[in-house]
$ cat input-v9.cif   # mmCIF, C-alpha atoms and all ligand atoms
data_protein
loop_
_atom_site.label_atom_id
_atom_site.label_comp_id
_atom_site.auth_asym_id
_atom_site.auth_seq_id
_atom_site.Cartn_x
_atom_site.Cartn_y
_atom_site.Cartn_z
CA MET A 1 68.69 16.25 121.61
CA LYS A 2 67.65 13.86 118.85
CA GLU A 3 70.34 14.39 116.28
CA GLU A 4 73.63 16.25 116.18
CA ILE A 5 74.51 18.08 113.02
CA ASP A 6 78.27 18.40 112.66
CA TYR A 7 78.44 20.54 109.52
CA LYS A 8 77.60 24.16 108.95
CA ILE A 9 74.06 25.05 107.92
CA THR A 10 74.33 28.20 105.84
CA VAL A 11 71.53 30.75 105.67
CA ASN A 12 71.30 30.38 101.91
CA LYS A 13 72.56 28.12 99.14
CA PRO A 14 72.03 28.80 95.44
CA PHE A 15 70.01 26.33 93.39
CA LEU A 16 71.98 24.85 90.49
CA PRO A 17 70.45 22.85 87.63
CA PRO A 18 72.20 19.62 86.55
CA ILE A 19 75.57 20.58 85.05
CA GLN A 20 74.93 18.51 81.91
CA GLU A 21 71.95 20.69 81.07
CA TYR A 22 74.07 23.82 81.41
CA LYS A 23 76.85 22.39 79.25
CA LYS A 24 74.38 21.44 76.57
CA ILE A 25 72.82 24.87 76.32
CA ILE A 26 76.19 26.65 76.49
CA GLU A 27 77.67 24.58 73.63
CA LYS A 28 75.60 26.65 71.21
CA VAL A 29 77.45 29.76 72.37
CA TRP A 30 80.71 28.18 71.13
CA GLU A 31 79.09 27.65 67.75
CA THR A 32 77.66 31.14 67.33
CA LYS A 33 80.35 33.08 69.27
CA TRP A 34 77.52 35.36 70.37
CA LEU A 35 78.35 36.09 74.01
CA THR A 36 76.36 39.20 74.89
CA ASN A 37 74.24 42.03 73.37
CA ASP A 38 70.77 40.51 72.91
CA GLY A 39 71.97 37.01 72.02
CA PRO A 40 69.51 34.20 71.21
CA LEU A 41 69.48 32.88 74.80
CA HIS A 42 68.88 36.39 76.12
CA GLU A 43 65.94 36.85 73.77
CA LYS A 44 64.41 33.50 74.64
CA PHE A 45 64.85 34.11 78.36
CA LYS A 46 63.21 37.53 78.08
CA GLU A 47 60.09 36.05 76.48
CA LYS A 48 59.86 33.29 79.11
CA VAL A 49 60.30 35.82 81.92
CA LYS A 50 57.47 37.99 80.59
CA GLU A 51 55.19 34.98 80.49
CA TYR A 52 56.14 33.74 83.94
CA LEU A 53 55.86 37.15 85.58
CA LYS A 54 52.60 37.94 83.74
CA VAL A 55 53.83 41.34 82.61
CA ASP A 56 53.50 43.21 79.31
CA ASN A 57 57.12 44.32 79.14
CA ALA A 58 60.35 43.07 80.62
CA LEU A 59 64.00 43.93 79.99
CA LEU A 60 66.99 41.99 81.27
CA TYR A 61 70.02 43.54 82.96
CA VAL A 62 73.40 42.41 84.24
CA ASN A 63 72.21 42.74 87.85
CA GLY A 64 69.30 44.08 89.84
CA HIS A 65 71.08 47.10 91.22
CA SER A 66 72.06 48.54 87.83
CA ALA A 67 68.52 47.93 86.66
CA LEU A 68 67.15 49.89 89.62
CA GLU A 69 69.56 52.77 89.00
CA ILE A 70 68.43 52.86 85.39
CA ALA A 71 64.72 52.79 86.34
CA ILE A 72 65.22 55.80 88.61
CA LYS A 73 67.40 57.63 86.09
CA TYR A 74 64.80 57.10 83.36
CA PHE A 75 62.33 59.50 84.99
CA ASP A 76 64.86 62.34 85.41
CA LEU A 77 63.72 62.79 88.98
CA GLU A 78 64.85 65.62 91.22
CA GLY A 79 64.74 66.36 94.92
CA GLU A 80 63.39 63.84 97.39
CA VAL A 81 62.20 60.26 97.18
CA ILE A 82 60.12 58.58 99.87
CA THR A 83 61.44 55.11 100.64
CA THR A 84 61.97 52.50 103.34
CA PRO A 85 65.07 52.11 105.52
CA PHE A 86 64.28 48.41 106.09
CA THR A 87 65.94 47.08 102.96
CA TYR A 88 69.18 46.00 101.39
CA ALA A 89 71.86 48.64 100.73
CA SER A 90 71.01 48.63 97.03
CA THR A 91 67.70 50.51 97.31
CA THR A 92 69.19 53.48 99.15
CA HIS A 93 72.40 53.63 97.08
CA ALA A 94 70.35 53.59 93.86
CA ILE A 95 68.56 56.71 95.09
CA THR A 96 71.67 58.62 96.21
CA ASN A 97 73.63 57.58 93.09
CA ASN A 98 70.92 59.40 91.13
CA ASP A 99 71.55 62.59 93.17
CA LEU A 100 68.26 62.20 94.99
CA THR A 101 67.66 62.51 98.71
CA PRO A 102 65.97 59.56 100.39
CA VAL A 103 63.26 60.48 102.87
CA PHE A 104 62.74 57.49 105.15
CA CYS A 105 59.23 56.36 106.01
CA ASP A 106 58.45 53.93 108.83
CA ILE A 107 57.30 50.37 108.11
CA LYS A 108 54.32 48.29 109.18
CA LYS A 109 54.99 45.70 111.87
CA ASP A 110 53.03 42.96 110.12
CA THR A 111 54.28 43.24 106.54
CA LEU A 112 57.63 44.96 107.23
CA ASN A 113 56.83 47.14 104.22
CA ILE A 114 56.53 50.92 103.98
CA ASP A 115 53.49 52.18 105.93
CA PRO A 116 51.32 54.05 103.40
CA SER A 117 49.49 55.90 106.19
CA LYS A 118 52.79 57.62 107.05
CA ILE A 119 53.78 58.61 103.52
CA GLU A 120 51.66 61.75 103.11
CA ASN A 121 53.24 63.49 106.11
CA LEU A 122 56.62 63.17 104.42
CA ILE A 123 55.58 64.63 101.08
CA SER A 124 57.01 68.08 100.36
CA GLU A 125 57.40 70.39 97.36
CA GLU A 126 60.60 68.48 96.63
CA THR A 127 59.09 64.98 96.50
CA SER A 128 59.27 63.34 93.08
CA ALA A 129 58.78 59.62 93.68
CA ILE A 130 58.03 56.77 96.07
CA ILE A 131 60.43 53.81 96.02
CA PRO A 132 58.99 51.04 98.20
CA VAL A 133 60.33 47.49 98.60
CA HIS A 134 58.24 44.30 98.69
CA VAL A 135 60.31 43.07 101.63
CA PHE A 136 60.92 39.30 101.91
CA GLY A 137 58.46 38.74 99.06
CA THR A 138 55.42 40.29 100.77
CA PRO A 139 53.56 42.73 98.49
CA CYS A 140 53.29 46.35 99.61
CA ASP A 141 49.88 47.99 99.91
CA VAL A 142 50.01 48.73 96.19
CA SER A 143 46.57 50.31 95.86
CA LYS A 144 47.10 52.80 98.70
CA ILE A 145 50.52 53.71 97.32
CA ARG A 146 49.03 54.20 93.85
CA GLU A 147 46.33 56.47 95.26
CA ILE A 148 48.88 58.69 97.00
CA ALA A 149 51.12 58.77 93.94
CA ASN A 150 48.23 59.83 91.71
CA GLU A 151 47.12 62.52 94.09
CA TYR A 152 50.58 64.11 94.34
CA ASP A 153 51.78 63.23 90.84
CA LEU A 154 54.65 61.03 91.99
CA LYS A 155 56.37 58.15 90.21
CA VAL A 156 56.32 54.74 91.88
CA ILE A 157 59.30 52.44 91.37
CA TYR A 158 59.13 49.14 93.22
CA ASP A 159 62.19 47.33 94.43
CA ALA A 160 60.70 43.90 93.74
CA ALA A 161 64.04 42.12 94.22
CA HIS A 162 62.44 39.52 96.53
CA THR A 163 59.22 38.89 94.63
CA PHE A 164 59.98 36.73 91.59
CA GLY A 165 56.80 34.74 90.92
CA VAL A 166 54.59 36.58 93.41
CA GLU A 167 51.07 37.44 92.25
CA LEU A 168 48.48 39.71 93.80
CA ASN A 169 44.79 39.36 92.85
CA GLY A 170 45.88 37.15 89.95
CA LYS A 171 48.20 39.84 88.55
CA GLY A 172 51.99 39.64 88.35
CA ILE A 173 53.54 41.75 91.11
CA GLY A 174 55.62 43.48 88.42
CA THR A 175 52.52 45.13 86.95
CA PHE A 176 52.11 47.51 89.90
CA GLY A 177 54.00 50.78 89.98
CA ASP A 178 55.49 52.59 86.98
CA ILE A 179 58.50 50.25 86.92
CA SER A 180 59.47 47.26 89.07
CA MET A 181 62.94 45.77 89.53
CA PHE A 182 63.55 42.07 90.16
CA SER A 183 66.94 40.72 91.22
CA LEU A 184 68.26 37.46 89.79
CA HIS A 185 71.30 37.28 92.04
CA ALA A 186 72.57 33.81 93.03
CA THR A 187 71.12 34.15 96.54
CA LYS A 188 67.65 35.02 95.31
CA ILE A 189 64.86 32.48 94.91
CA PHE A 190 65.34 32.46 91.17
CA HIS A 191 68.67 33.43 89.66
CA SER A 192 70.77 33.87 86.54
CA ILE A 193 74.07 33.92 88.54
CA GLU A 194 73.78 37.72 88.57
CA GLY A 195 70.91 39.41 86.84
CA GLY A 196 68.09 41.89 86.99
CA ILE A 197 64.74 42.58 85.33
CA LEU A 198 62.73 45.74 84.85
CA THR A 199 59.02 45.30 84.22
CA PHE A 200 56.55 48.00 83.18
CA GLU A 201 53.12 48.18 81.59
CA ASN A 202 53.76 51.32 79.53
CA ASP A 203 55.19 50.20 76.15
CA GLU A 204 56.69 53.64 75.58
CA PHE A 205 59.33 53.07 78.26
CA GLU A 206 60.93 50.18 76.44
CA LYS A 207 63.14 51.92 73.92
CA GLU A 208 64.96 54.19 76.35
CA LEU A 209 65.16 51.68 79.22
CA LYS A 210 66.91 49.36 76.77
CA LEU A 211 69.25 52.03 75.39
CA MET A 212 70.25 52.93 78.93
CA LYS A 213 71.93 49.55 79.46
CA GLU A 214 73.86 49.97 76.21
CA PHE A 215 75.67 53.26 76.90
CA GLY A 216 72.61 55.16 75.64
CA LEU A 217 73.91 54.65 72.11
CA GLU A 218 71.79 54.76 69.00
CA ASP A 219 74.14 54.09 66.09
CA SER A 220 77.17 56.02 67.31
CA ASP A 221 75.36 58.89 68.98
CA ALA A 222 74.43 58.74 72.65
CA VAL A 223 70.80 59.85 72.87
CA VAL A 224 70.53 59.26 76.64
CA PRO A 225 73.24 59.06 79.29
CA GLY A 226 73.59 55.33 79.79
CA LEU A 227 75.38 52.59 81.64
CA ASN A 228 76.76 49.25 80.53
CA ALA A 229 74.33 46.85 82.16
CA LYS A 230 73.58 44.14 79.62
CA MET A 231 72.81 40.55 80.54
CA ASN A 232 75.15 38.07 78.82
CA GLU A 233 74.39 34.65 77.32
CA PHE A 234 75.87 32.68 80.22
CA GLN A 235 73.53 34.41 82.61
CA ALA A 236 70.55 33.94 80.30
CA ALA A 237 71.38 30.23 79.95
CA MET A 238 71.35 29.80 83.74
CA GLY A 239 68.09 31.73 83.96
CA LEU A 240 66.45 29.65 81.23
CA LEU A 241 67.40 26.41 82.98
CA ASN A 242 66.38 27.57 86.43
CA LEU A 243 63.01 28.58 85.07
CA ARG A 244 62.37 24.88 84.41
CA TYR A 245 62.73 24.27 88.15
CA ILE A 246 61.16 27.36 89.69
CA ASP A 247 57.78 25.80 90.50
CA GLU A 248 59.49 22.84 92.14
CA ILE A 249 61.72 25.23 94.09
CA ILE A 250 58.73 27.18 95.39
CA ASP A 251 56.84 23.97 96.34
CA LYS A 252 59.83 22.68 98.28
CA ARG A 253 60.21 25.99 100.11
CA GLU A 254 56.54 26.01 101.01
CA LYS A 255 56.97 22.65 102.76
CA LEU A 256 60.01 23.90 104.65
CA VAL A 257 58.21 27.10 105.68
CA ASN A 258 55.20 25.14 106.93
CA LYS A 259 57.48 22.94 109.01
CA TYR A 260 59.22 26.02 110.43
CA LYS A 261 55.84 27.62 111.26
CA ASP A 262 54.64 24.54 113.16
CA HIS A 263 57.77 24.55 115.29
CA ILE A 264 58.00 28.31 115.87
CA ASP A 265 54.32 28.42 116.93
CA GLU A 266 55.29 26.10 119.81
CA ILE A 267 58.17 28.24 121.10
CA ASP A 268 57.40 31.05 123.57
CA GLY A 269 58.67 34.55 122.88
CA ILE A 270 59.31 34.14 119.20
CA ASP A 271 56.99 34.86 116.28
CA HIS A 272 57.29 34.03 112.63
CA LEU A 273 56.49 36.91 110.32
CA CYS A 274 54.53 35.06 107.67
CA PRO A 275 51.91 37.36 106.14
CA LYS A 276 48.25 36.51 106.72
CA LYS A 277 46.91 38.01 103.52
CA LYS A 278 46.10 35.70 100.60
CA TYR A 279 48.24 35.99 97.46
CA LYS A 280 50.53 33.75 95.42
CA ARG A 281 53.78 33.61 97.39
CA ASN A 282 57.30 32.53 96.63
CA TYR A 283 58.46 31.64 100.20
CA HIS A 284 61.69 33.54 99.68
CA TYR A 285 62.69 34.12 103.32
CA PHE A 286 61.74 32.90 106.76
CA PRO A 287 62.13 35.84 109.18
CA VAL A 288 61.32 35.50 112.88
CA LEU A 289 60.90 38.15 115.56
CA ILE A 290 62.54 37.67 118.96
CA LYS A 291 60.33 39.18 121.67
CA ASP A 292 60.72 39.98 125.37
CA GLY A 293 59.35 36.57 126.31
CA TYR A 294 62.32 34.78 124.77
CA ALA A 295 65.31 33.97 127.01
CA LEU A 296 67.94 35.59 124.79
CA THR A 297 68.23 38.81 122.84
CA ARG A 298 68.34 38.58 119.08
CA ASP A 299 72.10 39.19 119.04
CA ASP A 300 72.74 36.49 121.65
CA LEU A 301 70.51 34.01 119.83
CA TYR A 302 72.39 34.77 116.62
CA SER A 303 75.77 34.04 118.32
CA LYS A 304 74.58 30.90 120.12
CA LEU A 305 73.19 29.48 116.88
CA GLU A 306 76.60 30.10 115.27
CA ASP A 307 78.07 27.91 118.02
CA PHE A 308 75.65 25.18 116.93
CA ASN A 309 76.80 25.53 113.30
CA ILE A 310 73.62 27.32 112.29
CA HIS A 311 74.21 30.49 110.34
CA THR A 312 71.36 33.01 110.40
CA ARG A 313 71.21 36.63 109.26
CA LYS A 314 70.31 39.89 110.96
CA TYR A 315 68.38 40.97 107.95
CA PHE A 316 68.00 44.01 107.75
CA HIS A 317 70.29 45.44 110.37
CA PRO A 318 71.40 48.20 110.50
CA LEU A 319 68.70 50.21 108.77
CA THR A 320 70.04 51.87 105.62
CA SER A 321 69.14 55.25 107.19
CA ASP A 322 71.96 54.53 109.71
CA PHE A 323 74.67 53.70 107.16
CA SER A 324 77.94 55.35 108.15
CA CYS A 325 78.74 56.55 104.61
CA TYR A 326 75.78 58.90 104.81
CA ASN A 327 74.76 61.45 107.32
CA PHE A 328 71.01 61.24 107.00
CA LYS A 329 68.87 63.26 109.34
CA ASP A 330 66.75 61.53 111.95
CA TYR A 331 63.33 60.26 111.01
CA GLU A 332 60.68 58.75 113.20
CA LEU A 333 61.24 55.06 112.52
CA ASN A 334 59.94 53.32 115.62
CA ASN A 335 58.72 50.16 113.94
CA ALA A 336 61.69 49.90 111.60
CA ASN A 337 64.11 50.25 114.53
CA SER A 338 62.31 47.74 116.67
CA ILE A 339 62.03 45.17 113.85
CA SER A 340 65.63 45.70 112.78
CA ASN A 341 66.85 45.07 116.34
CA ASN A 342 64.79 41.91 116.84
CA VAL A 343 64.50 40.20 113.48
CA LEU A 344 66.44 37.10 112.45
CA VAL A 345 66.27 35.36 109.10
CA LEU A 346 66.58 31.59 109.41
CA PRO A 347 68.18 29.28 106.81
CA LEU A 348 65.95 28.58 103.82
CA TYR A 349 66.90 27.15 100.45
CA TYR A 350 65.96 24.38 98.05
CA ASP A 351 68.45 21.84 99.43
CA LEU A 352 67.58 22.41 103.09
CA LYS A 353 66.29 19.21 104.70
CA LEU A 354 63.23 18.93 106.91
CA LYS A 355 65.45 17.32 109.55
CA GLU A 356 67.67 20.41 109.42
CA VAL A 357 64.63 22.61 110.03
CA ASN A 358 63.80 20.35 112.99
CA TYR A 359 67.35 20.69 114.30
CA ILE A 360 67.38 24.49 113.96
CA CYS A 361 64.06 24.83 115.79
CA GLU A 362 65.13 22.37 118.49
CA MET A 363 68.18 24.50 119.19
CA ILE A 364 66.08 27.68 119.33
CA ASP A 365 63.71 25.93 121.74
CA ARG A 366 66.55 24.56 123.88
CA LEU A 367 68.22 27.96 124.18
CA ASN A 368 64.92 29.32 125.50
CA GLU A 369 64.92 26.78 128.31
CA GLU A 370 68.51 26.97 129.48
C1 LIG B 401 69.34 41.65 96.12
C2 LIG B 401 68.69 42.95 96.29
C3 LIG B 401 68.93 44.04 95.44
C4 LIG B 401 70.05 44.07 94.44
O1 LIG B 401 70.01 43.11 93.49
P1 LIG B 401 71.34 42.59 92.78
O2 LIG B 401 70.81 41.72 91.69
O3 LIG B 401 72.13 41.83 93.79
O4 LIG B 401 72.09 43.77 92.25
C5 LIG B 401 68.17 45.18 95.60
N1 LIG B 401 67.24 45.29 96.56
C6 LIG B 401 67.00 44.28 97.43
C7 LIG B 401 65.93 44.45 98.45
C8 LIG B 401 67.72 43.09 97.33
O5 LIG B 401 67.50 42.11 98.22
#

$ encode --input "input-v9.cif" --output "structure tokens"
Amino acid sequence: MKEEIDYKITVNKPFLPPIQEYKKIIEKVWETKWLTNDGPLHEKFKEKVKEYLKVDNALLYVNGHSALEIAIKYFDLEGEVITTPFTYASTTHAITNNDLTPVFCDIKKDTLNIDPSKIENLISEETSAIIPVHVFGTPCDVSKIREIANEYDLKVIYDAAHTFGVELNGKGIGTFGDISMFSLHATKIFHSIEGGILTFENDEFEKELKLMKEFGLEDSDAVVPGLNAKMNEFQAAMGLLNLRYIDEIIDKREKLVNKYKDHIDEIDGIDHLCPKKKYKRNYHYFPVLIKDGYALTRDDLYSKLEDFNIHTRKYFHPLTSDFSCYNFKDYELNNANSISNNVLVLPLYYDLKLKEVNYICEMIDRLNEE
């Protein structure tokens, strides 16, 4: 072994701008005493977000999950929604919290996203929408999903939590689907401490989607049933500052991912899951797949890496269709099950060092030889 690392390598670490910059921008809040409700920082951040994401409309929310619940609620959907079980808890809870029944569709082994060729079989009289996720920042097959949605008159709401800055065919990823939700949580590639964005091309959605984060109130009358899900000035300040660094963050991650790929390509029985398709990426996650040819199972590799101070994540395991708070019926989810049982997300964040990537891969290689 070349170098020992005697501290813990976490799977993620939030990016923070220089504290002086944050203090400077926050001082204005003390002058104006405007803390929340469409403050000046919020308004400025919203404009910058629209520009960066290349979308016509964007609204800011206190977090991604509330934004997603609002997006679903906006369409007054009923019955069933076709979605993926290979996602974070948020996607499925947002569906059930809107009194809708998730119908789980299997995923594709290469993109880990919902398999459009399996959607039509799941459509029934009850189906009202498709809620796919661009998992780990890889775009779904947006044109196939649009085709199906048009044919059956279904809404499409993308959980785009992982795709800040991703572009497909030169278009912002938030322009596909009726509404897309981005998460700006501290662990995401770009964050505002907590935060969420809804993007949509149809200008008519704006008024109500905004009211819905403000208790649905117009003057003192509630015109839609709403939530309290407003982004405050402290969040907007963090978002504005982080936007100055986002391109640098993505460049740094690209270098780390390329280093990981070189190493993983050399190790038998383990594949990286980097998409082959061309599009503008954000390098949000580095998932690998542990195959039969590797000496350990995924769970054993996970535990052994913990012993070496390397924290990884079984992301996403279990599938949300197996959550114990629900009693969902069985669906045919062969790919989702097999990926969920064999996937491991390796550490990746702005501050990660190339030598740490080397160390992590050396350990994975060594464990294969023991
Ligand atoms: C992070 C995340 C969310 C929720 O976003 P928050 O901003 O944390 O509320 C939703 N879906 C997916 C896939 C996520 O990773």

$ closest_residue --input "input-v9.cif" --among "A:Tyr152, A:Phe316, A:Phe286, A:Phe15" --to "ligand LIG 401 (chain B)" --atoms "all atoms listed in the file"
A:Phe316

$ residues_around --input "input-v9.cif" --residues "range 97-108 of chain A" --least-positions-apart "3" --cutoff "8 Å" --atoms "all atoms listed in the file" --output "PyMOL selection string"
chain A and resi 69+72-73+77-86+92-94+111-115+118-119+122+321+331-336

$ atom_distance --input "input-v9.cif" --atom1 "CA of Asn258 in chain A" --atom2 "CA of Ser338 in chain A"
25.6 Å

$ closest_residue --input "input-v9.cif" --among "A:Arg281, A:Asp56, A:Glu51, A:Gly170" --to "Pro139 in chain A" --atoms "only C-alpha atoms"
A:Arg281

$ closest_residue --input "input-v9.cif" --among "A:Ile250, A:Ile193, A:Leu41, A:Ile264" --to "ligand LIG 401 (chain B)" --atoms "only C-alpha atoms and all ligand atoms"
A:Ile193

$ residues_near_ligand --input "input-v9.cif" --ligand "ligand LIG 401 (chain B)" --cutoff "9 Å" --atoms "all atoms listed in the file" --output "count of residues only"
37

$ closest_residue --input "input-v9.cif" --among "A:Leu209, A:Ile189, A:Leu59, A:Leu301" --to "Tyr74 in chain A" --atoms "all atoms listed in the file"
A:Leu209

$ residues_around --input "input-v9.cif" --residues "Met212 in chain A" --least-positions-apart "6" --cutoff "9 Å" --atoms "all atoms listed in the file" --output "number ranges by chain"
A: 70, 74, 224-229

$ atom_distance --input "input-v9.cif" --atom1 "CA of Pro14 in chain A" --atom2 "CA of Val257 in chain A"
17.3 Å

$ closest_residue --input "input-v9.cif" --among "A:Leu198, A:Leu217, A:Ile25, A:Cys140" --to "Glu167 in chain A" --atoms "all atoms listed in the file"
A:Cys140
